[in-house]
$ cat input_18.txt   # compact mmCIF, C-alpha atoms
# COMPACT_ATOMS: atom_id res chain seq x y z
CA MET A 1 17.39 -1.78 -13.00
CA SER A 2 16.37 -5.31 -12.00
CA PRO A 3 12.68 -6.33 -12.23
CA LEU A 4 12.66 -6.40 -8.42
CA ASP A 5 13.93 -2.82 -8.08
CA VAL A 6 11.55 -1.55 -10.78
CA LEU A 7 8.58 -3.13 -9.01
CA MET A 8 9.60 -1.79 -5.59
CA LYS A 9 10.08 1.70 -7.01
CA ARG A 10 6.67 1.57 -8.72
CA LEU A 11 4.89 0.25 -5.65
CA ALA A 12 6.56 2.79 -3.34
CA LYS A 13 4.89 5.57 -5.36
CA VAL A 14 1.38 4.29 -4.60
CA PRO A 15 -0.15 6.45 -1.84
CA GLY A 16 -0.16 4.54 1.43
CA LEU A 17 2.92 2.49 0.54
CA GLY A 18 6.37 3.85 1.37
CA PRO A 19 9.65 2.09 0.52
CA ARG A 20 9.40 -0.24 3.54
CA SER A 21 5.80 -1.32 2.90
CA ALA A 22 6.63 -1.68 -0.80
CA ARG A 23 9.38 -4.17 0.07
CA ARG A 24 7.02 -6.17 2.28
CA ALA A 25 4.33 -6.07 -0.39
CA VAL A 26 6.77 -7.33 -3.04
CA LEU A 27 7.85 -10.26 -0.86
CA TYR A 28 4.22 -11.07 -0.04
CA LEU A 29 3.31 -11.08 -3.74
CA LEU A 30 6.35 -13.02 -4.95
CA LYS A 31 5.61 -15.77 -2.42
CA ARG A 32 2.05 -15.97 -3.81
CA ARG A 33 2.60 -15.52 -7.56
CA GLU A 34 -0.46 -17.47 -8.71
CA SER A 35 -2.81 -16.90 -5.75
CA ALA A 36 -2.27 -13.16 -5.21
CA MET A 37 0.12 -11.61 -7.75
CA GLN A 38 -1.58 -12.77 -10.96
CA PRO A 39 -5.10 -11.91 -9.69
CA LEU A 40 -3.82 -8.43 -8.73
CA ILE A 41 -2.30 -7.98 -12.21
CA ASP A 42 -5.59 -9.09 -13.79
CA ALA A 43 -7.65 -6.80 -11.52
CA LEU A 44 -5.42 -3.81 -12.36
CA ALA A 45 -5.55 -4.50 -16.11
CA ARG A 46 -9.31 -5.01 -16.07
CA ALA A 47 -9.95 -1.86 -14.02
CA LYS A 48 -7.62 0.13 -16.27
CA ASP A 49 -9.56 -0.92 -19.38
CA GLU A 50 -13.10 -1.07 -18.04
CA VAL A 51 -13.54 1.61 -15.39
CA LYS A 52 -15.19 4.64 -16.96
CA GLU A 53 -15.63 8.18 -15.74
CA CYS A 54 -19.31 9.15 -15.80
CA SER A 55 -19.83 11.94 -18.34
CA VAL A 56 -22.72 13.30 -16.27
CA CYS A 57 -21.40 13.40 -12.69
CA GLY A 58 -17.72 12.38 -12.85
CA ASN A 59 -18.14 9.23 -10.71
CA LEU A 60 -16.05 6.17 -11.59
CA GLY A 61 -17.71 2.86 -12.43
CA GLY A 62 -18.36 0.15 -14.96
CA CYS A 63 -20.69 2.18 -17.19
CA ASP A 64 -21.34 5.71 -18.49
CA PRO A 65 -23.62 7.23 -17.24
CA CYS A 66 -22.67 5.64 -13.91
CA GLU A 67 -24.79 3.30 -11.80
CA ILE A 68 -25.96 6.19 -9.59
CA CYS A 69 -26.97 8.46 -12.50
CA GLN A 70 -28.85 5.53 -14.12
CA ASP A 71 -30.55 4.37 -10.90
CA PRO A 72 -34.31 5.18 -11.16
CA GLY A 73 -34.51 4.94 -7.37
CA ARG A 74 -32.30 7.99 -6.77
CA ASP A 75 -33.82 11.38 -6.00
CA ARG A 76 -33.21 13.48 -9.13
CA SER A 77 -34.15 16.72 -7.36
CA GLN A 78 -30.89 16.78 -5.38
CA ILE A 79 -27.29 17.10 -6.56
CA CYS A 80 -24.47 16.81 -4.05
CA VAL A 81 -21.23 18.53 -5.14
CA VAL A 82 -18.01 16.85 -3.99
CA GLU A 83 -14.33 17.46 -4.63
CA ASP A 84 -13.31 13.92 -5.33
CA VAL A 85 -14.67 10.44 -6.07
CA ALA A 86 -13.35 9.33 -2.66
CA ASP A 87 -15.75 11.84 -1.07
CA LEU A 88 -18.65 10.46 -3.13
CA TRP A 89 -17.77 6.95 -1.92
CA ALA A 90 -17.62 8.19 1.68
CA LEU A 91 -21.14 9.67 1.35
CA GLU A 92 -22.40 6.46 -0.27
CA ARG A 93 -21.00 4.41 2.62
CA SER A 94 -22.84 6.62 5.10
CA ASP A 95 -26.08 5.59 3.34
CA ALA A 96 -27.61 8.94 4.30
CA TYR A 97 -28.04 10.40 0.82
CA ARG A 98 -30.21 9.18 -2.05
CA GLY A 99 -29.77 11.99 -4.59
CA LEU A 100 -27.30 12.48 -7.43
CA TYR A 101 -23.71 13.77 -7.38
CA HIS A 102 -21.42 16.16 -9.19
CA VAL A 103 -17.68 15.48 -8.80
CA LEU A 104 -15.53 18.58 -9.35
CA GLY A 105 -12.27 16.64 -9.42
CA GLY A 106 -10.47 19.38 -7.51
CA THR A 107 -10.82 22.86 -6.05
CA LEU A 108 -10.09 26.34 -7.23
CA SER A 109 -6.47 27.09 -6.36
CA ALA A 110 -4.47 30.18 -7.21
CA LEU A 111 -1.33 28.30 -6.14
CA ASP A 112 -1.86 25.39 -8.55
CA GLY A 113 -3.37 27.63 -11.22
CA ILE A 114 -6.76 25.89 -11.13
CA LYS A 115 -9.35 28.33 -12.46
CA PRO A 116 -13.18 27.98 -12.56
CA GLU A 117 -13.07 26.88 -16.21
CA ASP A 118 -10.77 23.97 -15.23
CA LEU A 119 -13.55 22.50 -13.06
CA PRO A 120 -16.94 21.26 -14.36
CA ILE A 121 -18.83 24.15 -12.75
CA ALA A 122 -20.51 25.31 -15.98
CA ALA A 123 -21.66 21.71 -16.50
CA LEU A 124 -23.21 21.74 -13.02
CA VAL A 125 -25.08 24.99 -13.78
CA GLU A 126 -26.28 23.43 -17.04
CA ARG A 127 -27.49 20.28 -15.22
CA VAL A 128 -29.46 22.49 -12.84
CA ARG A 129 -30.83 24.66 -15.66
CA ILE A 130 -32.18 21.84 -17.82
CA GLY A 131 -33.12 19.36 -15.14
CA GLU A 132 -35.56 18.80 -12.34
CA VAL A 133 -33.04 19.79 -9.66
CA LYS A 134 -34.49 21.56 -6.62
CA GLU A 135 -31.45 21.58 -4.34
CA VAL A 136 -27.68 21.57 -4.73
CA ILE A 137 -25.83 20.38 -1.60
CA LEU A 138 -22.24 21.59 -1.35
CA ALA A 139 -20.17 18.87 0.35
CA LEU A 140 -16.70 20.26 -0.21
CA ASN A 141 -13.84 19.80 2.22
CA VAL A 142 -13.56 22.36 5.03
CA THR A 143 -10.29 23.79 3.77
CA VAL A 144 -9.55 27.28 2.45
CA GLU A 145 -9.66 26.03 -1.15
CA GLY A 146 -12.75 23.89 -0.56
CA GLN A 147 -14.69 26.75 0.98
CA ALA A 148 -13.58 29.24 -1.69
CA THR A 149 -14.76 26.76 -4.30
CA ALA A 150 -18.08 26.27 -2.46
CA HIS A 151 -18.58 30.04 -2.46
CA TYR A 152 -17.83 30.27 -6.18
CA VAL A 153 -20.20 27.38 -7.01
CA ALA A 154 -22.97 28.93 -4.90
CA GLU A 155 -22.52 32.28 -6.68
CA SER A 156 -22.60 30.57 -10.08
CA LEU A 157 -25.91 28.92 -9.18
CA VAL A 158 -27.67 32.14 -8.08
CA PRO A 159 -29.13 32.86 -11.58
CA THR A 160 -30.79 29.42 -11.67
CA GLY A 161 -32.73 30.17 -8.47
CA VAL A 162 -32.00 26.67 -7.15
CA LEU A 163 -31.74 26.15 -3.39
CA VAL A 164 -28.06 25.81 -2.45
CA SER A 165 -27.23 24.22 0.88
CA LYS A 166 -24.05 23.06 2.50
CA LEU A 167 -23.11 20.40 5.02
CA ALA A 168 -23.52 21.44 8.63
CA HIS A 169 -20.54 22.25 10.73
CA GLY A 170 -19.89 19.16 12.63
CA VAL A 171 -17.44 18.33 9.90
CA PRO A 172 -14.21 19.04 11.81
CA VAL A 173 -12.35 22.10 10.51
CA GLY A 174 -9.28 20.93 8.61
CA GLY A 175 -10.84 17.50 8.11
CA GLU A 176 -11.32 15.66 4.86
CA LEU A 177 -14.58 13.85 4.05
CA ASP A 178 -12.88 10.60 3.15
CA TYR A 179 -11.49 10.29 6.71
CA LEU A 180 -14.79 10.88 8.52
CA ASP A 181 -16.86 8.24 10.25
CA ASP A 182 -20.33 7.50 8.89
CA GLY A 183 -22.15 8.91 11.91
CA THR A 184 -20.55 12.33 11.56
CA LEU A 185 -21.32 12.34 7.84
CA THR A 186 -24.94 11.42 8.49
CA ALA A 187 -25.34 14.16 11.12
CA ALA A 188 -23.67 16.75 8.90
CA LEU A 189 -25.93 15.83 6.00
CA LYS A 190 -29.11 16.05 8.09
CA ALA A 191 -28.16 19.46 9.53
CA ARG A 192 -27.28 21.06 6.17
CA ARG A 193 -28.21 24.75 5.83
CA LYS A 194 -28.96 27.27 3.08
CA ALA A 195 -25.68 28.62 1.68
CA GLY A 196 -24.58 32.27 1.79
CA MET B 1 -18.47 -7.71 -8.59
CA SER B 2 -17.47 -4.61 -10.56
CA PRO B 3 -13.85 -4.21 -11.79
CA LEU B 4 -13.49 -1.40 -9.26
CA ASP B 5 -14.60 -3.55 -6.32
CA VAL B 6 -12.43 -6.49 -7.42
CA LEU B 7 -9.37 -4.24 -7.61
CA MET B 8 -10.04 -2.64 -4.23
CA LYS B 9 -10.51 -6.05 -2.62
CA ARG B 10 -7.26 -7.34 -4.18
CA LEU B 11 -5.28 -4.26 -3.19
CA ALA B 12 -6.66 -4.27 0.36
CA LYS B 13 -5.07 -7.72 0.86
CA VAL B 14 -1.56 -6.42 0.16
CA PRO B 15 0.26 -5.97 3.49
CA GLY B 16 0.50 -2.28 4.36
CA LEU B 17 -2.72 -1.39 2.51
CA GLY B 18 -6.05 -1.60 4.32
CA PRO B 19 -9.45 -0.89 2.72
CA ARG B 20 -9.06 2.89 3.06
CA SER B 21 -5.55 3.05 1.59
CA ALA B 22 -6.69 0.66 -1.14
CA ARG B 23 -9.45 3.11 -2.14
CA ARG B 24 -6.99 6.01 -2.26
CA ALA B 25 -4.51 3.89 -4.23
CA VAL B 26 -7.21 2.91 -6.75
CA LEU B 27 -8.22 6.55 -7.32
CA TYR B 28 -4.55 7.57 -7.62
CA LEU B 29 -3.94 4.84 -10.22
CA LEU B 30 -7.16 5.42 -12.21
CA LYS B 31 -6.29 9.11 -12.56
CA ARG B 32 -2.87 8.11 -13.95
CA ARG B 33 -3.74 5.11 -16.13
CA GLU B 34 -0.85 5.48 -18.58
CA SER B 35 1.75 7.14 -16.35
CA ALA B 36 1.39 5.00 -13.21
CA MET B 37 -1.15 2.18 -13.63
CA GLN B 38 0.22 0.57 -16.82
CA PRO B 39 3.86 0.78 -15.62
CA LEU B 40 2.80 -0.87 -12.34
CA ILE B 41 1.01 -3.65 -14.25
CA ASP B 42 4.11 -4.15 -16.42
CA ALA B 43 6.43 -4.15 -13.40
CA LEU B 44 4.26 -6.73 -11.60
CA ALA B 45 4.03 -8.98 -14.67
CA ARG B 46 7.76 -8.74 -15.34
CA ALA B 47 8.71 -9.44 -11.71
CA LYS B 48 6.27 -12.36 -11.60
CA ASP B 49 7.91 -13.97 -14.65
CA GLU B 50 11.54 -13.00 -14.15
CA VAL B 51 12.31 -12.91 -10.44
CA LYS B 52 13.96 -16.16 -9.43
CA GLU B 53 14.65 -17.69 -6.04
CA CYS B 54 18.35 -18.50 -5.70
CA SER B 55 18.78 -22.27 -5.45
CA VAL B 56 21.87 -21.79 -3.28
CA CYS B 57 20.86 -19.20 -0.67
CA GLY B 58 17.13 -18.48 -1.20
CA ASN B 59 17.60 -14.81 -2.07
CA LEU B 60 15.31 -13.29 -4.75
CA GLY B 61 16.77 -11.71 -7.86
CA GLY B 62 17.11 -11.70 -11.61
CA CYS B 63 19.35 -14.79 -11.84
CA ASP B 64 20.03 -18.15 -10.22
CA PRO B 65 22.47 -18.36 -8.45
CA CYS B 66 21.72 -14.81 -7.27
CA GLU B 67 23.92 -11.75 -7.71
CA ILE B 68 25.38 -12.15 -4.20
CA CYS B 69 26.23 -15.85 -4.62
CA GLN B 70 27.87 -15.09 -7.99
CA ASP B 71 29.79 -12.02 -6.82
CA PRO B 72 33.52 -12.88 -6.71
CA GLY B 73 34.05 -9.95 -4.33
CA ARG B 74 32.01 -11.54 -1.51
CA ASP B 75 33.71 -13.34 1.37
CA ARG B 76 32.92 -17.03 0.85
CA SER B 77 34.13 -17.99 4.32
CA GLN B 78 31.03 -16.48 6.00
CA ILE B 79 27.35 -17.44 5.73
CA CYS B 80 24.74 -15.30 7.48
CA VAL B 81 21.48 -17.18 8.25
CA VAL B 82 18.30 -15.05 8.09
CA GLU B 83 14.61 -15.83 8.40
CA ASP B 84 13.40 -13.90 5.41
CA VAL B 85 14.59 -12.11 2.26
CA ALA B 86 13.52 -8.82 3.91
CA ASP B 87 16.15 -9.44 6.62
CA LEU B 88 18.79 -10.11 3.95
CA TRP B 89 17.90 -6.79 2.29
CA ALA B 90 18.11 -5.00 5.66
CA LEU B 91 21.63 -6.37 6.20
CA GLU B 92 22.64 -5.40 2.65
CA ARG B 93 21.41 -1.84 3.22
CA SER B 94 23.57 -1.63 6.37
CA ASP B 95 26.59 -2.30 4.13
CA ALA B 96 28.31 -3.93 7.12
CA TYR B 97 28.48 -7.50 5.78
CA ARG B 98 30.34 -8.84 2.75
CA GLY B 99 29.80 -12.59 3.13
CA LEU B 100 27.13 -14.93 1.75
CA TYR B 101 23.61 -15.66 3.04
CA HIS B 102 21.24 -18.52 3.73
CA VAL B 103 17.53 -17.65 3.79
CA LEU B 104 15.45 -20.07 5.88
CA GLY B 105 12.12 -18.66 4.66
CA GLY B 106 10.55 -19.12 8.09
CA THR B 107 11.11 -20.44 11.58
CA LEU B 108 10.39 -23.67 13.36
CA SER B 109 6.87 -23.44 14.77
CA ALA B 110 4.92 -26.10 16.61
CA LEU B 111 1.82 -23.91 16.24
CA ASP B 112 2.06 -23.67 12.44
CA GLY B 113 3.40 -27.21 12.09
CA ILE B 114 6.74 -26.09 10.63
CA LYS B 115 9.30 -28.81 11.30
CA PRO B 116 13.09 -28.80 10.66
CA GLU B 117 12.67 -30.69 7.39
CA ASP B 118 10.37 -27.89 6.11
CA LEU B 119 13.28 -25.40 6.31
CA PRO B 120 16.53 -25.62 4.25
CA ILE B 121 18.64 -26.51 7.30
CA ALA B 122 20.08 -29.70 5.80
CA ALA B 123 21.06 -27.64 2.74
CA LEU B 124 22.91 -25.20 5.01
CA VAL B 125 24.81 -28.04 6.69
CA GLU B 126 25.68 -29.37 3.24
CA ARG B 127 26.94 -25.93 2.09
CA VAL B 128 29.19 -25.79 5.17
CA ARG B 129 30.38 -29.37 4.71
CA ILE B 130 31.47 -29.06 1.06
CA GLY B 131 32.54 -25.40 1.02
CA GLU B 132 35.18 -23.11 2.35
CA VAL B 133 32.92 -21.74 5.12
CA LYS B 134 34.68 -20.78 8.36
CA GLU B 135 31.83 -19.01 10.18
CA VAL B 136 28.02 -19.17 10.23
CA ILE B 137 26.40 -16.03 11.67
CA LEU B 138 22.87 -16.54 12.99
CA ALA B 139 20.86 -13.36 12.36
CA LEU B 140 17.40 -14.64 13.28
CA ASN B 141 14.74 -12.47 14.85
CA VAL B 142 14.75 -12.23 18.64
CA THR B 143 11.42 -14.01 19.05
CA VAL B 144 10.68 -17.33 20.73
CA GLU B 145 10.47 -19.07 17.34
CA GLY B 146 13.53 -17.27 15.96
CA GLN B 147 15.67 -18.22 18.94
CA ALA B 148 14.43 -21.83 18.98
CA THR B 149 15.31 -22.03 15.29
CA ALA B 150 18.76 -20.49 15.93
CA HIS B 151 19.37 -23.10 18.63
CA TYR B 152 18.36 -25.93 16.29
CA VAL B 153 20.55 -24.63 13.44
CA ALA B 154 23.53 -24.25 15.79
CA GLU B 155 23.06 -27.85 17.02
CA SER B 156 22.81 -29.12 13.45
CA LEU B 157 26.13 -27.45 12.61
CA VAL B 158 28.09 -28.94 15.55
CA PRO B 159 29.27 -32.01 13.56
CA THR B 160 30.82 -29.75 10.88
CA GLY B 161 33.03 -28.03 13.45
CA VAL B 162 32.30 -24.61 11.89
CA LEU B 163 32.33 -21.50 14.12
CA VAL B 164 28.73 -20.47 14.83
CA SER B 165 28.10 -16.90 16.04
CA LYS B 166 25.04 -14.75 16.54
CA LEU B 167 24.28 -11.02 16.41
CA ALA B 168 24.99 -9.09 19.61
CA HIS B 169 22.06 -8.03 21.76
CA GLY B 170 22.18 -4.48 23.01
CA VAL B 171 20.93 -0.94 22.95
CA PRO B 172 20.03 0.09 19.37
CA VAL B 173 22.18 2.93 18.03
CA GLY B 174 20.07 6.05 18.37
CA GLY B 175 17.82 4.32 20.91
CA GLU B 176 16.82 5.81 24.25
CA LEU B 177 17.16 3.68 27.37
CA ASP B 178 13.79 4.83 28.67
CA TYR B 179 12.01 3.26 25.69
CA LEU B 180 13.78 -0.10 25.78
CA ASP B 181 12.25 -3.29 27.11
CA ASP B 182 13.77 -4.98 30.15
CA GLY B 183 15.08 -7.94 28.15
CA THR B 184 17.17 -5.70 25.91
CA LEU B 185 18.50 -3.70 28.85
CA THR B 186 19.43 -6.86 30.74
CA ALA B 187 21.20 -8.27 27.67
CA ALA B 188 23.03 -4.97 27.05
CA LEU B 189 24.14 -4.83 30.69
CA LYS B 190 25.38 -8.45 30.70
CA ALA B 191 27.34 -7.91 27.47
CA ARG B 192 28.89 -4.62 28.61
CA ARG B 193 32.40 -3.86 27.44
CA LYS B 194 35.26 -1.67 28.62
CA ALA B 195 34.54 1.89 27.51
CA GLY B 196 36.81 4.00 25.32
$ encode --input "input_18.txt" --output "structure tokens"
Amino acid sequence: MSPLDVLMKRLAKVPGLGPRSARRAVLYLLKRRESAMQPLIDALARAKDEVKECSVCGNLGGCDPCEICQDPGRDRSQICVVEDVADLWALERSDAYRGLYHVLGGTLSALDGIKPEDLPIAALVERVRIGEVKEVILALNVTVEGQATAHYVAESLVPTGVLVSKLAHGVPVGGELDYLDDGTLTAALKARRKAG
Amino acid sequence: MSPLDVLMKRLAKVPGLGPRSARRAVLYLLKRRESAMQPLIDALARAKDEVKECSVCGNLGGCDPCEICQDPGRDRSQICVVEDVADLWALERSDAYRGLYHVLGGTLSALDGIKPEDLPIAALVERVRIGEVKEVILALNVTVEGQATAHYVAESLVPTGVLVSKLAHGVPVGGELDYLDDGTLTAALKARRKAG
């Protein structure tokens, strides 16, 4: 396959780019080899080598533990549990939350064979057990899998006696956090309730 | 700026990817560093170094002259003039044309200060003058700039005596009349042919 075809095939696999956008992207880049293509190559290579997954919360960033876990200004009595790093970023953009996070990296799913031990749920319980955590906020997507996972996490936390809350409804059913506007996220966070 | 922010900013500039798609793309790639991210880096670097612009027709490819210009099976009596390499690719996908091409790489534009000498129009006239070309097909976009450019190219070719044609206007195959603009309908009506 020619270098052009290889690149178009690779780009077409990136979410958000289909075959048509991939072709346009390739032409855009090849017309700007030094001003756009090389900087993109450098940015990809640098991110690939330098971006670390936080061993505490699962966030992505330049250091481990991540900037949020290391920030002395964050409220260490709250942990917000999210499915994905994109959801963490969405909450950070809303600027309505100043606690810590715990990224599950997925949901329980019988279909995909994802069992509780495949997600860092035991690690969350351990963080609550040893730490100064007073509240765990479940901010999982309002999908069947997300809610089943929220239920399982809440059950797992019962022995610790920690307060478990969840985002208020106001998050549209069937919606994903990453697609929500900041105002809705802020309102949902403020109106969170005790789980169960 | 962190490697993550740099990459998201770079990716968000690629046409077809806005800030939100760029975030999703970054997460997708960082979860697949060896299986998707490194191959994409390699494909970009290889395309940047190896893809050449054909010195005859302006097409992009692995060699110069390009595969089409070198192909002995192509009809050398026809040259199809297109604005952009993307248009050349669209015509190739249609599989309806077996002649050669001439990529202008833009259109005349008073607004952007693009004058005839900024486009390879003289080179096209020269190709017609020295070659075995019998017909030049103008396949420029149906925009004000595209049509002004088509008119200028046609005028430039008058001294060579070559036959200059342009793509037919009409109802797109699969198109519904109700969704067409008046200009297209008028053109299709004027160019009507005997049915059957």
$ interface_residues --input "input_18.txt" --of "chain A" --to "chain B" --cutoff "6 Å" --atoms "all atoms listed in the file" --output "PDB file with C-alpha atoms, in the frame of the given file"
ATOM      1  CA  PRO A   3      12.680  -6.330 -12.230  1.00  0.00           C
ATOM      2  CA  LEU A   4      12.660  -6.400  -8.420  1.00  0.00           C
ATOM      3  CA  LEU A   7       8.580  -3.130  -9.010  1.00  0.00           C
ATOM      4  CA  ARG A  10       6.670   1.570  -8.720  1.00  0.00           C
ATOM      5  CA  VAL A  14       1.380   4.290  -4.600  1.00  0.00           C
ATOM      6  CA  PRO A  15      -0.150   6.450  -1.840  1.00  0.00           C
ATOM      7  CA  GLY A  16      -0.160   4.540   1.430  1.00  0.00           C
ATOM      8  CA  SER A  21       5.800  -1.320   2.900  1.00  0.00           C
ATOM      9  CA  ALA A  25       4.330  -6.070  -0.390  1.00  0.00           C
ATOM     10  CA  LEU A  40      -3.820  -8.430  -8.730  1.00  0.00           C
ATOM     11  CA  ILE A  41      -2.300  -7.980 -12.210  1.00  0.00           C
ATOM     12  CA  ALA A  43      -7.650  -6.800 -11.520  1.00  0.00           C
ATOM     13  CA  ALA A  47      -9.950  -1.860 -14.020  1.00  0.00           C
TER      14      ALA A  47
END
$ calpha_fit_rmsd --input "input_18.txt" --fixed "chain B" --moving "chain A"
5.9 Å
$ residues_around --input "input_18.txt" --residues "region 163-167 of chain B" --least-positions-apart "4" --cutoff "6 Å" --atoms "all atoms listed in the file" --output "list of chain:residue names"
B:Glu135, B:Val136, B:Ile137, B:Leu138, B:Ala139
$ closest_residue --input "input_18.txt" --among "B:Ala168, B:Val82, B:Ala123, B:Ala12" --to "Arg192 (chain B)" --atoms "all atoms listed in the file"
B:Ala168
$ atom_distance --input "input_18.txt" --atom1 "CA of Arg76 (chain B)" --atom2 "CA of Pro120 (chain B)"
18.8 Å
$ atom_distance --input "input_18.txt" --atom1 "CA of Cys54 (chain A)" --atom2 "CA of Tyr101 (chain A)"
10.6 Å
$ atom_distance --input "input_18.txt" --atom1 "CA of Gly73 (chain B)" --atom2 "CA of Ser156 (chain B)"
28.5 Å
$ residues_around --input "input_18.txt" --residues "region 186-190 of chain A" --least-positions-apart "6" --cutoff "12 Å" --atoms "only C-alpha atoms" --output "MDAnalysis selection string"
chainID A and resid 80 90:99 137:140 165:172 177 180
$ write_last_selection --input "input_18.txt" --atoms "C-alpha atoms" --output "short mmCIF file (atom, residue, chain, number, x, y, z; two decimals), in the coordinates of the input"
data_model
loop_
_atom_site.label_atom_id
_atom_site.label_comp_id
_atom_site.auth_asym_id
_atom_site.auth_seq_id
_atom_site.Cartn_x
_atom_site.Cartn_y
_atom_site.Cartn_z
CA CYS A 80 -24.47 16.81 -4.05
CA ALA A 90 -17.62 8.19 1.68
CA LEU A 91 -21.14 9.67 1.35
CA GLU A 92 -22.40 6.46 -0.27
CA ARG A 93 -21.00 4.41 2.62
CA SER A 94 -22.84 6.62 5.10
CA ASP A 95 -26.08 5.59 3.34
CA ALA A 96 -27.61 8.94 4.30
CA TYR A 97 -28.04 10.40 0.82
CA ARG A 98 -30.21 9.18 -2.05
CA GLY A 99 -29.77 11.99 -4.59
CA ILE A 137 -25.83 20.38 -1.60
CA LEU A 138 -22.24 21.59 -1.35
CA ALA A 139 -20.17 18.87 0.35
CA LEU A 140 -16.70 20.26 -0.21
CA SER A 165 -27.23 24.22 0.88
CA LYS A 166 -24.05 23.06 2.50
CA LEU A 167 -23.11 20.40 5.02
CA ALA A 168 -23.52 21.44 8.63
CA HIS A 169 -20.54 22.25 10.73
CA GLY A 170 -19.89 19.16 12.63
CA VAL A 171 -17.44 18.33 9.90
CA PRO A 172 -14.21 19.04 11.81
CA LEU A 177 -14.58 13.85 4.05
CA LEU A 180 -14.79 10.88 8.52
#
$ closest_residue --input "input_18.txt" --among "A:Asp87, A:Asp181, A:Asp75, A:Glu145" --to "Gly58 (chain A)" --atoms "only C-alpha atoms"
A:Asp87
$ closest_residue --input "input_18.txt" --among "A:Leu111, A:Val153, A:Leu100, A:Val133" --to "Leu88 (chain A)" --atoms "only C-alpha atoms"
A:Leu100
